Every structure is written in structure tokens, then in C-alpha cells.
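Okay, coords_23.cif is below, mmCIF, C-alpha atoms and all ligand atoms:
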```cif
data_coords
#
loop_
_atom_site.group_PDB
_atom_site.id
_atom_site.type_symbol
_atom_site.label_atom_id
_atom_site.label_comp_id
_atom_site.auth_asym_id
_atom_site.auth_seq_id
_atom_site.Cartn_x
_atom_site.Cartn_y
_atom_site.Cartn_z
ATOM 1 C CA MET A 1 62.065 7.909 -15.108
ATOM 2 C CA LYS A 2 59.987 10.793 -13.684
ATOM 3 C CA LYS A 3 58.164 11.042 -17.008
ATOM 4 C CA GLN A 4 57.434 7.294 -17.007
ATOM 5 C CA ILE A 5 55.930 7.460 -13.515
ATOM 6 C CA LEU A 6 53.826 10.465 -14.543
ATOM 7 C CA ALA A 7 52.578 8.632 -17.633
ATOM 8 C CA ALA A 8 51.733 5.514 -15.579
ATOM 9 C CA ILE A 9 49.704 7.625 -13.136
ATOM 10 C CA ILE A 10 47.822 9.332 -15.992
ATOM 11 C CA ILE A 11 47.035 5.945 -17.584
ATOM 12 C CA ALA A 12 45.822 4.488 -14.267
ATOM 13 C CA ILE A 13 43.443 7.417 -13.837
ATOM 14 C CA ALA A 14 42.330 7.506 -17.446
ATOM 15 C CA LEU A 15 41.608 3.843 -18.236
ATOM 16 C CA PRO A 16 38.573 3.247 -15.992
ATOM 17 C CA ALA A 17 37.097 6.527 -17.211
ATOM 18 C CA LEU A 18 37.636 5.443 -20.815
ATOM 19 C CA ALA A 19 35.416 2.385 -20.467
ATOM 20 C CA GLN A 20 32.605 4.458 -18.988
ATOM 21 C CA GLU A 21 32.661 7.578 -21.086
ATOM 22 C CA THR A 22 34.045 6.997 -24.552
ATOM 23 C CA LYS A 23 32.460 5.017 -27.310
ATOM 24 C CA GLU A 24 33.160 4.605 -30.995
ATOM 25 C CA ILE A 25 32.154 7.659 -32.986
ATOM 26 C CA LYS A 26 30.725 7.021 -36.434
ATOM 27 C CA LEU A 27 31.781 9.901 -38.693
ATOM 28 C CA LEU A 28 29.600 11.604 -41.279
ATOM 29 C CA ALA A 29 30.201 10.635 -44.899
ATOM 30 C CA PRO A 30 32.860 12.911 -46.397
ATOM 31 C CA ASP A 31 31.673 15.747 -48.597
ATOM 32 C CA LYS A 32 33.944 15.281 -51.617
ATOM 33 C CA THR A 33 32.565 18.300 -53.457
ATOM 34 C CA ARG A 34 33.736 21.026 -51.088
ATOM 35 C CA GLY A 35 36.786 23.257 -50.959
ATOM 36 C CA LEU A 36 38.738 25.609 -53.166
ATOM 37 C CA PRO A 37 40.143 24.399 -56.482
ATOM 38 C CA LEU A 38 43.623 22.925 -56.043
ATOM 39 C CA MET A 39 45.675 25.872 -57.296
ATOM 40 C CA GLN A 40 43.758 28.279 -55.070
ATOM 41 C CA ALA A 41 44.223 25.953 -52.091
ATOM 42 C CA LEU A 42 47.962 25.854 -52.733
ATOM 43 C CA ASP A 43 47.941 29.625 -52.994
ATOM 44 C CA ALA A 44 46.178 29.857 -49.605
ATOM 45 C CA ARG A 45 48.334 27.292 -47.761
ATOM 46 C CA ALA A 46 50.241 28.830 -44.847
ATOM 47 C CA SER A 47 51.045 27.711 -41.329
ATOM 48 C CA ALA A 48 48.729 29.271 -38.762
ATOM 49 C CA ARG A 49 48.998 29.030 -34.996
ATOM 50 C CA ALA A 50 46.132 31.333 -33.901
ATOM 51 C CA LEU A 51 43.349 28.760 -33.560
ATOM 52 C CA ASP A 52 39.904 29.292 -32.072
ATOM 53 C CA ALA A 53 39.123 26.783 -29.292
ATOM 54 C CA LYS A 54 35.625 26.196 -30.723
ATOM 55 C CA PRO A 55 35.147 22.494 -31.598
ATOM 56 C CA LEU A 56 35.078 21.570 -35.260
ATOM 57 C CA SER A 57 31.652 20.767 -36.697
ATOM 58 C CA ASP A 58 30.936 17.070 -37.218
ATOM 59 C CA GLN A 59 31.171 17.542 -40.988
ATOM 60 C CA ASP A 60 34.488 19.399 -40.806
ATOM 61 C CA LEU A 61 36.023 16.701 -38.584
ATOM 62 C CA ALA A 62 34.758 13.907 -40.834
ATOM 63 C CA ASP A 63 36.025 15.616 -43.987
ATOM 64 C CA LEU A 64 39.374 16.494 -42.406
ATOM 65 C CA LEU A 65 40.042 12.869 -41.452
ATOM 66 C CA TRP A 66 38.981 11.505 -44.794
ATOM 67 C CA ALA A 67 41.190 14.045 -46.587
ATOM 68 C CA ALA A 68 44.102 13.211 -44.284
ATOM 69 C CA TYR A 69 44.079 9.437 -44.618
ATOM 70 C CA GLY A 70 40.663 8.164 -45.634
ATOM 71 C CA VAL A 71 40.082 5.211 -47.909
ATOM 72 C CA ASN A 72 39.408 6.404 -51.448
ATOM 73 C CA ARG A 73 39.377 3.155 -53.445
ATOM 74 C CA PRO A 74 37.572 -0.183 -53.227
ATOM 75 C CA ASP A 75 40.878 -1.984 -52.596
ATOM 76 C CA GLY A 76 41.320 -0.102 -49.308
ATOM 77 C CA ARG A 77 44.072 2.280 -50.383
ATOM 78 C CA HIS A 78 44.188 5.784 -48.986
ATOM 79 C CA THR A 79 44.110 9.480 -49.923
ATOM 80 C CA ALA A 80 47.834 9.478 -49.022
ATOM 81 C CA PRO A 81 50.327 7.084 -50.651
ATOM 82 C CA THR A 82 52.594 4.904 -48.491
ATOM 83 C CA ALA A 83 55.914 3.316 -49.414
ATOM 84 C CA LYS A 84 55.423 -0.283 -50.613
ATOM 85 C CA ASN A 85 51.725 0.278 -49.891
ATOM 86 C CA ALA A 86 52.684 -0.662 -46.325
ATOM 87 C CA GLN A 87 49.881 1.520 -44.913
ATOM 88 C CA ASP A 88 52.179 2.233 -41.983
ATOM 89 C CA ILE A 89 50.311 5.339 -40.834
ATOM 90 C CA ASP A 90 47.938 5.503 -37.873
ATOM 91 C CA LEU A 91 46.148 8.762 -37.272
ATOM 92 C CA TYR A 92 45.328 9.597 -33.665
ATOM 93 C CA VAL A 93 42.663 12.205 -33.062
ATOM 94 C CA CYS A 94 43.413 14.138 -29.897
ATOM 95 C CA LEU A 95 40.325 15.851 -28.503
ATOM 96 C CA PRO A 96 40.078 17.689 -25.170
ATOM 97 C CA HIS A 97 38.256 14.830 -23.406
ATOM 98 C CA ALA A 98 39.911 11.813 -25.015
ATOM 99 C CA THR A 99 42.166 10.455 -27.720
ATOM 100 C CA TYR A 100 40.805 8.300 -30.536
ATOM 101 C CA LEU A 101 42.271 6.267 -33.377
ATOM 102 C CA TYR A 102 40.871 6.971 -36.832
ATOM 103 C CA ASP A 103 39.675 3.766 -38.478
ATOM 104 C CA PRO A 104 39.850 4.667 -42.193
ATOM 105 C CA ALA A 105 38.238 1.455 -43.457
ATOM 106 C CA ASN A 106 35.084 2.106 -41.466
ATOM 107 C CA HIS A 107 35.437 5.893 -41.269
ATOM 108 C CA LEU A 108 34.966 6.029 -37.505
ATOM 109 C CA LEU A 109 36.862 6.918 -34.365
ATOM 110 C CA LYS A 110 37.880 4.241 -31.881
ATOM 111 C CA PRO A 111 38.510 5.340 -28.292
ATOM 112 C CA VAL A 112 42.089 4.854 -27.101
ATOM 113 C CA ILE A 113 42.516 6.760 -23.855
ATOM 114 C CA ALA A 114 40.318 9.158 -21.909
ATOM 115 C CA THR A 115 42.979 11.734 -21.447
ATOM 116 C CA ASP A 116 43.947 15.022 -23.025
ATOM 117 C CA LEU A 117 47.134 14.453 -25.015
ATOM 118 C CA ARG A 118 47.477 18.114 -26.003
ATOM 119 C CA PRO A 119 49.812 19.086 -23.125
ATOM 120 C CA ALA A 120 52.223 16.299 -24.172
ATOM 121 C CA LEU A 121 51.942 17.439 -27.780
ATOM 122 C CA SER A 122 52.487 21.121 -27.003
ATOM 123 C CA ALA A 123 56.190 20.909 -26.071
ATOM 124 C CA GLY A 124 56.163 24.535 -24.968
ATOM 125 C CA GLN A 125 53.872 25.875 -27.706
ATOM 126 C CA GLU A 126 50.863 27.075 -25.700
ATOM 127 C CA PHE A 127 48.420 27.337 -28.596
ATOM 128 C CA VAL A 128 48.453 23.547 -28.981
ATOM 129 C CA LYS A 129 46.839 23.084 -25.552
ATOM 130 C CA THR A 130 43.669 24.883 -26.638
ATOM 131 C CA ALA A 131 43.418 23.621 -30.220
ATOM 132 C CA PRO A 132 40.027 21.897 -30.629
ATOM 133 C CA VAL A 133 41.712 18.906 -32.253
ATOM 134 C CA VAL A 134 45.259 17.773 -32.864
ATOM 135 C CA LEU A 135 45.904 15.073 -35.433
ATOM 136 C CA LEU A 136 48.862 12.941 -34.398
ATOM 137 C CA ILE A 137 50.499 11.055 -37.264
ATOM 138 C CA ILE A 138 52.215 7.836 -36.210
ATOM 139 C CA SER A 139 54.086 5.425 -38.454
ATOM 140 C CA ASP A 140 54.670 1.803 -37.564
ATOM 141 C CA TYR A 141 57.805 1.171 -39.605
ATOM 142 C CA SER A 142 57.695 -2.604 -38.986
ATOM 143 C CA ARG A 143 54.994 -2.690 -41.676
ATOM 144 C CA PHE A 144 57.644 -1.969 -44.338
ATOM 145 C CA ARG A 145 59.271 -5.348 -43.574
ATOM 146 C CA LEU A 146 62.737 -3.901 -44.160
ATOM 147 C CA ASP A 147 65.909 -5.158 -42.471
ATOM 148 C CA ASP A 148 67.414 -1.684 -42.745
ATOM 149 C CA THR A 149 65.973 0.255 -39.772
ATOM 150 C CA ASP A 150 67.478 3.584 -40.871
ATOM 151 C CA LYS A 151 65.760 3.275 -44.219
ATOM 152 C CA ALA A 152 62.481 2.226 -42.573
ATOM 153 C CA ARG A 153 62.550 5.255 -40.256
ATOM 154 C CA PHE A 154 63.269 7.505 -43.224
ATOM 155 C CA TRP A 155 60.305 6.119 -45.118
ATOM 156 C CA ALA A 156 58.157 6.527 -41.993
ATOM 157 C CA GLY A 157 58.995 10.227 -41.978
ATOM 158 C CA MET A 158 58.137 10.594 -45.633
ATOM 159 C CA ASP A 159 54.800 8.790 -45.323
ATOM 160 C CA GLY A 160 53.896 10.880 -42.283
ATOM 161 C CA GLY A 161 54.853 14.072 -44.098
ATOM 162 C CA ILE A 162 52.505 13.271 -46.968
ATOM 163 C CA VAL A 163 49.560 12.774 -44.597
ATOM 164 C CA SER A 164 50.421 16.075 -42.945
ATOM 165 C CA GLN A 165 50.407 17.796 -46.317
ATOM 166 C CA ASN A 166 46.948 16.363 -47.049
ATOM 167 C CA ILE A 167 45.832 18.025 -43.812
ATOM 168 C CA ASN A 168 47.555 21.292 -44.725
ATOM 169 C CA ILE A 169 45.923 21.434 -48.140
ATOM 170 C CA PHE A 170 42.480 20.408 -46.874
ATOM 171 C CA CYS A 171 42.647 23.178 -44.281
ATOM 172 C CA ALA A 172 43.762 25.732 -46.869
ATOM 173 C CA ALA A 173 40.912 24.689 -49.158
ATOM 174 C CA THR A 174 38.236 24.904 -46.474
ATOM 175 C CA GLY A 175 39.260 27.926 -44.394
ATOM 176 C CA LEU A 176 40.611 25.958 -41.412
ATOM 177 C CA SER A 177 43.927 26.767 -39.748
ATOM 178 C CA THR A 178 46.744 24.318 -39.125
ATOM 179 C CA VAL A 179 50.502 23.928 -38.856
ATOM 180 C CA PRO A 180 52.598 20.784 -39.234
ATOM 181 C CA ARG A 181 54.605 20.212 -36.044
ATOM 182 C CA ALA A 182 57.546 17.989 -35.206
ATOM 183 C CA TYR A 183 57.835 19.195 -31.610
ATOM 184 C CA MET A 184 56.101 16.953 -29.059
ATOM 185 C CA ASP A 185 57.042 14.931 -25.981
ATOM 186 C CA GLN A 186 57.773 11.611 -27.658
ATOM 187 C CA THR A 187 58.422 9.736 -24.409
ATOM 188 C CA ILE A 188 55.135 10.589 -22.718
ATOM 189 C CA ILE A 189 53.129 10.109 -25.914
ATOM 190 C CA LYS A 190 54.603 6.650 -26.462
ATOM 191 C CA GLN A 191 53.806 5.697 -22.872
ATOM 192 C CA LEU A 192 50.279 7.048 -22.903
ATOM 193 C CA LEU A 193 49.387 5.415 -26.209
ATOM 194 C CA ASN A 194 51.223 2.212 -25.338
ATOM 195 C CA LEU A 195 53.165 2.325 -28.596
ATOM 196 C CA THR A 196 55.580 -0.398 -29.672
ATOM 197 C CA ASP A 197 59.265 0.293 -30.339
ATOM 198 C CA THR A 198 58.582 0.488 -34.075
ATOM 199 C CA GLN A 199 55.800 3.091 -33.821
ATOM 200 C CA ILE A 200 57.122 6.626 -34.319
ATOM 201 C CA PRO A 201 55.148 9.808 -33.673
ATOM 202 C CA VAL A 202 56.185 11.633 -36.859
ATOM 203 C CA LEU A 203 54.260 14.898 -36.918
ATOM 204 C CA ASN A 204 51.172 16.471 -35.432
ATOM 205 C CA ASN A 205 48.756 19.021 -36.875
ATOM 206 C CA PRO A 206 46.649 21.138 -34.526
ATOM 207 C CA VAL A 207 43.524 22.152 -36.455
ATOM 208 C CA GLY A 208 40.897 24.787 -35.736
ATOM 209 C CA TYR A 209 38.922 27.681 -37.083
ATOM 210 C CA PRO A 210 41.033 30.808 -37.450
ATOM 211 C CA ARG A 211 41.016 32.975 -34.305
ATOM 212 C CA ARG A 212 39.667 36.396 -35.207
HETATM 213 C C1 LIG A 301 58.713 18.863 -40.729
HETATM 214 C C2 LIG A 301 58.196 20.162 -40.148
HETATM 215 C C3 LIG A 301 58.178 20.336 -38.780
HETATM 216 C C4 LIG A 301 57.653 21.507 -38.229
HETATM 217 N N1 LIG A 301 57.570 21.625 -36.863
HETATM 218 C C5 LIG A 301 56.979 22.720 -36.340
HETATM 219 C C6 LIG A 301 56.761 22.797 -34.927
HETATM 220 O O1 LIG A 301 57.075 21.897 -34.162
HETATM 221 N N2 LIG A 301 56.161 23.910 -34.445
HETATM 222 C C7 LIG A 301 55.745 24.936 -35.273
HETATM 223 O O2 LIG A 301 55.196 25.919 -34.773
HETATM 224 N N3 LIG A 301 55.927 24.876 -36.604
HETATM 225 C C8 LIG A 301 56.518 23.783 -37.153
HETATM 226 N N4 LIG A 301 56.654 23.687 -38.514
HETATM 227 C C9 LIG A 301 56.124 24.757 -39.377
HETATM 228 C C10 LIG A 301 57.235 25.594 -39.985
HETATM 229 O O3 LIG A 301 57.771 26.448 -39.006
HETATM 230 C C11 LIG A 301 56.638 26.386 -41.143
HETATM 231 O O4 LIG A 301 56.209 25.482 -42.137
HETATM 232 C C12 LIG A 301 57.667 27.334 -41.728
HETATM 233 O O5 LIG A 301 57.894 28.401 -40.844
HETATM 234 C C13 LIG A 301 57.233 27.906 -43.067
HETATM 235 O O6 LIG A 301 55.994 28.607 -42.935
HETATM 236 P P1 LIG A 301 54.727 28.200 -43.833
HETATM 237 O O7 LIG A 301 54.306 26.799 -43.451
HETATM 238 O O8 LIG A 301 53.666 29.197 -43.490
HETATM 239 O O9 LIG A 301 55.148 28.257 -45.258
HETATM 240 C C14 LIG A 301 57.181 22.538 -39.073
HETATM 241 C C15 LIG A 301 57.208 22.346 -40.464
HETATM 242 C C16 LIG A 301 57.681 21.178 -40.992
HETATM 243 C C17 LIG A 301 57.649 20.980 -42.493
#
```

Can you turn what I pasted into C-alpha cells?
Ligand SMILES: Cc1cc2nc3c(=O)[nH]c(=O)nc-3n(C[C@H](O)[C@H](O)[C@H](O)COP(=O)(O)O)c2cc1C
Amino acid sequence: MKKQILAAIIIAIALPALAQETKEIKLLAPDKTRGLPLMQALDARASARALDAKPLSDQDLADLLWAAYGVNRPDGRHTAPTAKNAQDIDLYVCLPHATYLYDPANHLLKPVIATDLRPALSAGQEFVKTAPVVLLIISDYSRFRLDDTDKARFWAGMDGGIVSQNINIFCAATGLSTVPRAYMDQTIIKQLLNLTDTQIPVLNNPVGYPRR
């Protein structure tokens, strides 16, 4: 209950600010030529938690999002597969000043809430609070149209895991640091993002330049 009141207060403060300060952000076209060859990227992949707080460049952010879950075919399918092609994944982009939803079809960011979600994502891991961006992977399992909820939740986890691995491999290929994370405060995140009962925060990936 305490958490719900806290979330309601944060939303009440954040919403008017959202209208004033945050607009859609058109992302740069992805650079599909960059990065290490696949086998070298796999060789380099490792979880890293020492992230520099410096913001990602516009190109790095655009490429990261396209690699994670961008549209890569004329029929609107994505860089990550989804069970039954349900396209159940929504990718939230948590920046220090606001949280956005990645719109893969138009390759842009839509403002969601003018609040910093990183404390709710950190769940006791301090480095998350200063990561320049955290990608929050959410599955809406209603899109599978399955009667079996256990199965739908299982598929949600698998689809989310694949998007996370796209992020992991992109980061390994381009010298960025990341770690897939299951820990986060699900209750507060669901409240703040106004998620439905069928939307599950699956994983999150803080991303940044390596801290030297
Ligand atoms: C599903 C999943 C959830 C994870 N959750 C967390 C997490 O909440 N926090 C964290 O620091 N690392 C998390 N990790 C990262 C693992 O600790 C890490 O992958 C493991 O120690 C192996 O290290 P490596 O990724 O460098 O191979 C998670 C990894 C996976 C696959």
C-alpha cells in the first residue's frame, strides 16, 4: 500500500512536467555496418556493471535500440523473433530525466513519464541509478492469445530474453557495457508506467560506456 501511495505521488508530480518538457525524439538512422564480426562479439560478451554516467551519443542510442528490437523487414518484423509473431515486447528507454517508449516502426522515442525510473529498477544495485540509460523489456502476454496463462508467461520470458541478448551482443560488438537484470521493483514500475495486468517487466539492461 505504501508503495502504491508513493507511486501515485510520483505520477502526480511527473505528469504535468511531462507535457511541458518531453517531446517525441526522432532517432538517427541505424548504422548497420558497425561492430565486431559475430564470433568476436560473442567472444567479447560479458556482463559489466561499472558504467560511466556519460550519456550515450545519439548514434549509439539509435543503433542500440534498433539492434535490440528495431524493424528489419518491410513486413514490420523485428531484429528479435517473438513467439507466434505476437510482437509482445515493448521496450522502455529509461533516461535520467524521463522514460520513453521505443516505437520500432517509426524508429523514435515516445515520452511516457517525466520521471527517473532508475531507482525503481535498481533494487539495491547502486550502479543502476547512475547508468546513462536502462532499457526495460516488457512483454504483454495477452498478445499471444493463449488460454494457458502459465504458458503465455513462459513465452513472455523467452521473448524478453532474446531482446536482452540482442542488447548484450550489440554492446559486446561496439564496446559498450551492459548486464541483463531480473531484479527490479515490479510493483512500483507497473504503477508508474500504468501497465495492465498482462504486461510483465521481464528484464532490464543498464547500458553505458565502460567506466575506466
Ligand atoms: C535472466 C538473468 C537475470 C539476471 N539478473 C541479474 C540482476 O538482476 N543483477 C545482476 O547484476 N546481474 C544479473 N544477471 C547477470 C548474471 O549474474 C550474469 O550473466 C552471470 O553472472 C554470468 O556472467 P556473464 O554474463 O559475464 O557471463 C542476470 C542474468 C540473467 C541471464

Kindly give the distance, in Å, that separates atom C8 of ligand LIG 301 (chain A) and atom CA of A:Pro180, rounded to a single decimal.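 Distance reported for this atom pair: 5.4 Å.
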
When the cut-off is 9 Å and you count all atoms listed in the file, which residues lie near ligand LIG 301 (chain A), shown as a PyMOL selection string? chain A and resi 45-49+122-123+125+157+161+164-165+168+179-184+202-204

Nearest-residue call for A:Gln191, choices A:Pro74, A:Ile113, A:Lys129, A:Leu146, using all atoms listed in the file: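 Between A:Pro74, A:Ile113, A:Lys129, A:Leu146, the residue approaching A:Gln191 most closely is A:Ile113.
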
With only C-alpha atoms as the basis for distance, which of A:Val207, A:Leu51, A:Ile138, A:Leu192 is at the shortest distance from A:Leu95?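 Using only C-alpha atoms, A:Leu95 sits closest to A:Val207.
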
Compile the contact shell of A:His97 as a CSV table (one decimal) with C-alpha atoms, in the frame of the given file: residues with an atom at most 9 Å away, counting all atoms listed in the file, same-chain residues fewer than 3 positions apart removed.
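Final output, part32.csv:
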```
chain,number,residue,atom,x,y,z
A,22,THR,CA,34.0,7.0,-24.6
A,94,CYS,CA,43.4,14.1,-29.9
A,114,ALA,CA,40.3,9.2,-21.9
A,115,THR,CA,43.0,11.7,-21.4
A,116,ASP,CA,43.9,15.0,-23.0
```

The PyMOL selection byres (((chain A and resi 25-39) around 7) and not hetatm) applied to the shown file, residues as a list in words: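 This file gives the following for the PyMOL selection byres (((chain A and resi 25-39) around 7) and not hetatm): Lys23, Glu24, Gln40, Ala41, Leu42, Asp43, Asp58, Gln59, Ala62, Asp63, Trp66, His107, Leu108, Leu109, Lys110, Ala173 and Thr174 of chain A.
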
Selection to disk with C-alpha atoms, as a PDB file, keeping the file's coordinate frame:
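In the end it all went to result03.pdb:
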```
ATOM      1  CA  LYS A  23      32.460   5.017 -27.310  1.00  0.00           C
ATOM      2  CA  GLU A  24      33.160   4.605 -30.995  1.00  0.00           C
ATOM      3  CA  GLN A  40      43.758  28.279 -55.070  1.00  0.00           C
ATOM      4  CA  ALA A  41      44.223  25.953 -52.091  1.00  0.00           C
ATOM      5  CA  LEU A  42      47.962  25.854 -52.733  1.00  0.00           C
ATOM      6  CA  ASP A  43      47.941  29.625 -52.994  1.00  0.00           C
ATOM      7  CA  ASP A  58      30.936  17.070 -37.218  1.00  0.00           C
ATOM      8  CA  GLN A  59      31.171  17.542 -40.988  1.00  0.00           C
ATOM      9  CA  ALA A  62      34.758  13.907 -40.834  1.00  0.00           C
ATOM     10  CA  ASP A  63      36.025  15.616 -43.987  1.00  0.00           C
ATOM     11  CA  TRP A  66      38.981  11.505 -44.794  1.00  0.00           C
ATOM     12  CA  HIS A 107      35.437   5.893 -41.269  1.00  0.00           C
ATOM     13  CA  LEU A 108      34.966   6.029 -37.505  1.00  0.00           C
ATOM     14  CA  LEU A 109      36.862   6.918 -34.365  1.00  0.00           C
ATOM     15  CA  LYS A 110      37.880   4.241 -31.881  1.00  0.00           C
ATOM     16  CA  ALA A 173      40.912  24.689 -49.158  1.00  0.00           C
ATOM     17  CA  THR A 174      38.236  24.904 -46.474  1.00  0.00           C
TER      18      THR A 174
END
```

Between A:Ala67, A:Ile89, A:Gly76, A:Tyr100, which is the closest to A:Met158 once you count only C-alpha atoms?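 Among A:Ala67, A:Ile89, A:Gly76, A:Tyr100, it is A:Ile89 that comes nearest to A:Met158.
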
Report, as lines of an AutoDock Vina configuration file, the centre and edge lengths in Å (one decimal) of the axis-aligned box enclosing every listed atom of stretch 56-65 of chain A, padded by 6 Å on each side.
```
center_x = 35.5
center_y = 17.2
center_z = -39.6
size_x = 21.1
size_y = 20.7
size_z = 20.7
```

Translate the PyMOL selection byres (((chain A and resi 176) around 7) and not hetatm) into a concrete residue list for this structure, as a PyMOL selection string. chain A and resi 171-172+174-175+177-178+207-210

Determine, counting only C-alpha atoms, every residue of protein, DNA or RNA that lies within 10 Å of (59.5, 6.8, -45.6) in the file coordinates, then give the result as a VMD selection string. chain A and resid 82 to 84 88 139 141 144 150 to 162

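Picked by the PyMOL selection byres (((chain A and resi 104) around 7) and not hetatm) from the coordinates shown: Tyr69, Gly70, Val71, Tyr102, Asp103, Ala105, Asn106, His107 and Leu108 of chain A.
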
Quick one: of A:Ala80, A:Ala120, A:Leu64, A:Val128, who's nearest to A:Ala50, counting all atoms listed in the file?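 Counting all atoms listed in the file, the residue closest to A:Ala50 is A:Val128.
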
Report, in Å with one decimal, the straight-line distance from atom CA of A:Arg143 to atom CA of A:Leu61.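 According to the coordinates, atom CA of A:Arg143 and atom CA of A:Leu61 are separated by 27.3 Å.
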
Distance criterion (only C-alpha atoms): nearest to A:Phe170 out of A:Asn194, A:Thr187, A:Gln199, A:Asn205: A:Asn205

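One finds atom CA of A:Leu135 at 22.2 Å from atom CA of A:Arg212.
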
So which one's closest to A:Pro111, A:Glu126, A:Gln87, A:Leu193, A:Arg211? Using only C-alpha atoms, please. A:Leu193
